[in-house]
Structure formats: C-alpha cells, structure tokens
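Input: a single structure, listed below in structure tokens.
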Amino acid sequence: MTIRVSDVFRRAMSGEEYEKFINDVLKALKGGLEETDGRIEKGNKAAMDTTQIWQAIVWSLLYPGKMRVYIDAVNLNENSMTIRWRLRSSHNSLKGKSSMTLTNLVR
C-alpha cells in the first residue's frame, strides 16, 4: 500500500529553522539510520525492513511524502507476535554517501 506522510518538521518550524534543521540534523539522522538499518531499492530509493514499530515511525518522520508499506511477515509464538514491516520511501538513498566516516569521527 502507498501512504502519504506529512512533513511534520516543516509544519512546526519557520523556513529558516527548517533549512538549518535539514542541514544540521535531518541529514545526519537519515544517514545514520540508513547505514545501520537501511538498504537501497531499485531507483536508488531508501528502504528498510523492521519488526520494531518505533523504527517504522521514525523512518516515516524522516522520509515524509509517498511511502510504500508492506507487511512482509507475521511471526507468532506462545508469548508474542511480531510484524515485519517493509518500508520504501520516495527519497533517494544516502547509504554509503556519508561524508563523515568513522575515521573522521575519532580524530
């Protein structure tokens, strides 16, 4: 299914604050989440799979606009149930394109 996620950050900030937020915070959050949990799908689109609902919510907030959402699997056992969410944004992926490397961080 395709959903449309509102850009809550743009709505909550002035234009100047939003531009600063994008450059100082949002790109770093997106890059970090993509490097650890993301993948690249055809067309260079940012995507991820997760069973953690908080990750699905954070991903949706970081990638507003059109998003494809699939339920890939439902796992049942005696004590719990998990849903594996597959999310693909309409944004281009940043994975592997970070200008800040671990070497730069420890210097």
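Ordering of the structure tokens sets the chain letters (A, B, ...), residue numbers begin anew at 1 in every chain, and ligands are numbered from 1 in the order given.
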> Any idea what's packed within 10 Å of Ser90 in chain A, counting only C-alpha atoms, ignoring anything in its chain fewer than 3 positions away? Could you give it as a PyMOL selection string?
Replying inline: chain A and resi 43-47+63-68+93
How would the residues just picked look written out with N, CA and C atoms as an mmCIF file, in the first residue's frame?
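The resulting file, result.cif, is shown below:
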data_model
loop_
_atom_site.group_PDB
_atom_site.id
_atom_site.type_symbol
_atom_site.label_atom_id
_atom_site.label_comp_id
_atom_site.auth_asym_id
_atom_site.auth_seq_id
_atom_site.Cartn_x
_atom_site.Cartn_y
_atom_site.Cartn_z
ATOM 1 N N GLY A 43 16.019 2.110 -8.344
ATOM 2 C CA GLY A 43 15.796 3.537 -8.493
ATOM 3 C C GLY A 43 16.489 4.353 -7.420
ATOM 4 N N ASN A 44 17.423 3.726 -6.665
ATOM 5 C CA ASN A 44 18.192 4.388 -5.607
ATOM 6 C C ASN A 44 17.294 4.906 -4.478
ATOM 7 N N LYS A 45 16.203 4.214 -4.184
ATOM 8 C CA LYS A 45 15.284 4.648 -3.143
ATOM 9 C C LYS A 45 15.665 4.062 -1.789
ATOM 10 N N ALA A 46 15.552 4.888 -0.745
ATOM 11 C CA ALA A 46 15.855 4.460 0.621
ATOM 12 C C ALA A 46 14.759 3.520 1.114
ATOM 13 N N ALA A 47 15.163 2.404 1.711
ATOM 14 C CA ALA A 47 14.200 1.412 2.194
ATOM 15 C C ALA A 47 14.740 0.730 3.442
ATOM 16 N N TYR A 63 11.346 10.530 6.392
ATOM 17 C CA TYR A 63 11.121 10.459 4.942
ATOM 18 C C TYR A 63 9.667 10.794 4.623
ATOM 19 N N PRO A 64 9.257 12.056 4.803
ATOM 20 C CA PRO A 64 7.867 12.398 4.523
ATOM 21 C C PRO A 64 7.557 12.308 3.031
ATOM 22 N N GLY A 65 6.290 12.285 2.720
ATOM 23 C CA GLY A 65 5.858 12.167 1.329
ATOM 24 C C GLY A 65 5.318 10.771 1.066
ATOM 25 N N LYS A 66 5.424 10.325 -0.191
ATOM 26 C CA LYS A 66 4.921 8.999 -0.559
ATOM 27 C C LYS A 66 5.825 7.904 -0.011
ATOM 28 N N MET A 67 5.209 6.888 0.579
ATOM 29 C CA MET A 67 5.942 5.754 1.120
ATOM 30 C C MET A 67 5.171 4.473 0.822
ATOM 31 N N ARG A 68 5.892 3.461 0.335
ATOM 32 C CA ARG A 68 5.307 2.132 0.132
ATOM 33 C C ARG A 68 5.488 1.355 1.431
ATOM 34 N N SER A 93 18.353 7.361 -1.663
ATOM 35 C CA SER A 93 19.117 6.832 -0.548
ATOM 36 C C SER A 93 20.396 7.625 -0.306
#
>> Run DSSP on the backbone and tell me which residues of chain A come out as strand (DSSP E or B); list them as a PyMOL selection string.
In response: chain A and resi 2-5+38-41+45-50+65-76+81-92
> Hey, can you check how far CA of Lys30 in chain A sits from CA of Ala56 in chain A?
Replying inline: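 Result for CA of Lys30 in chain A versus CA of Ala56 in chain A: 12.9 Å, one decimal.
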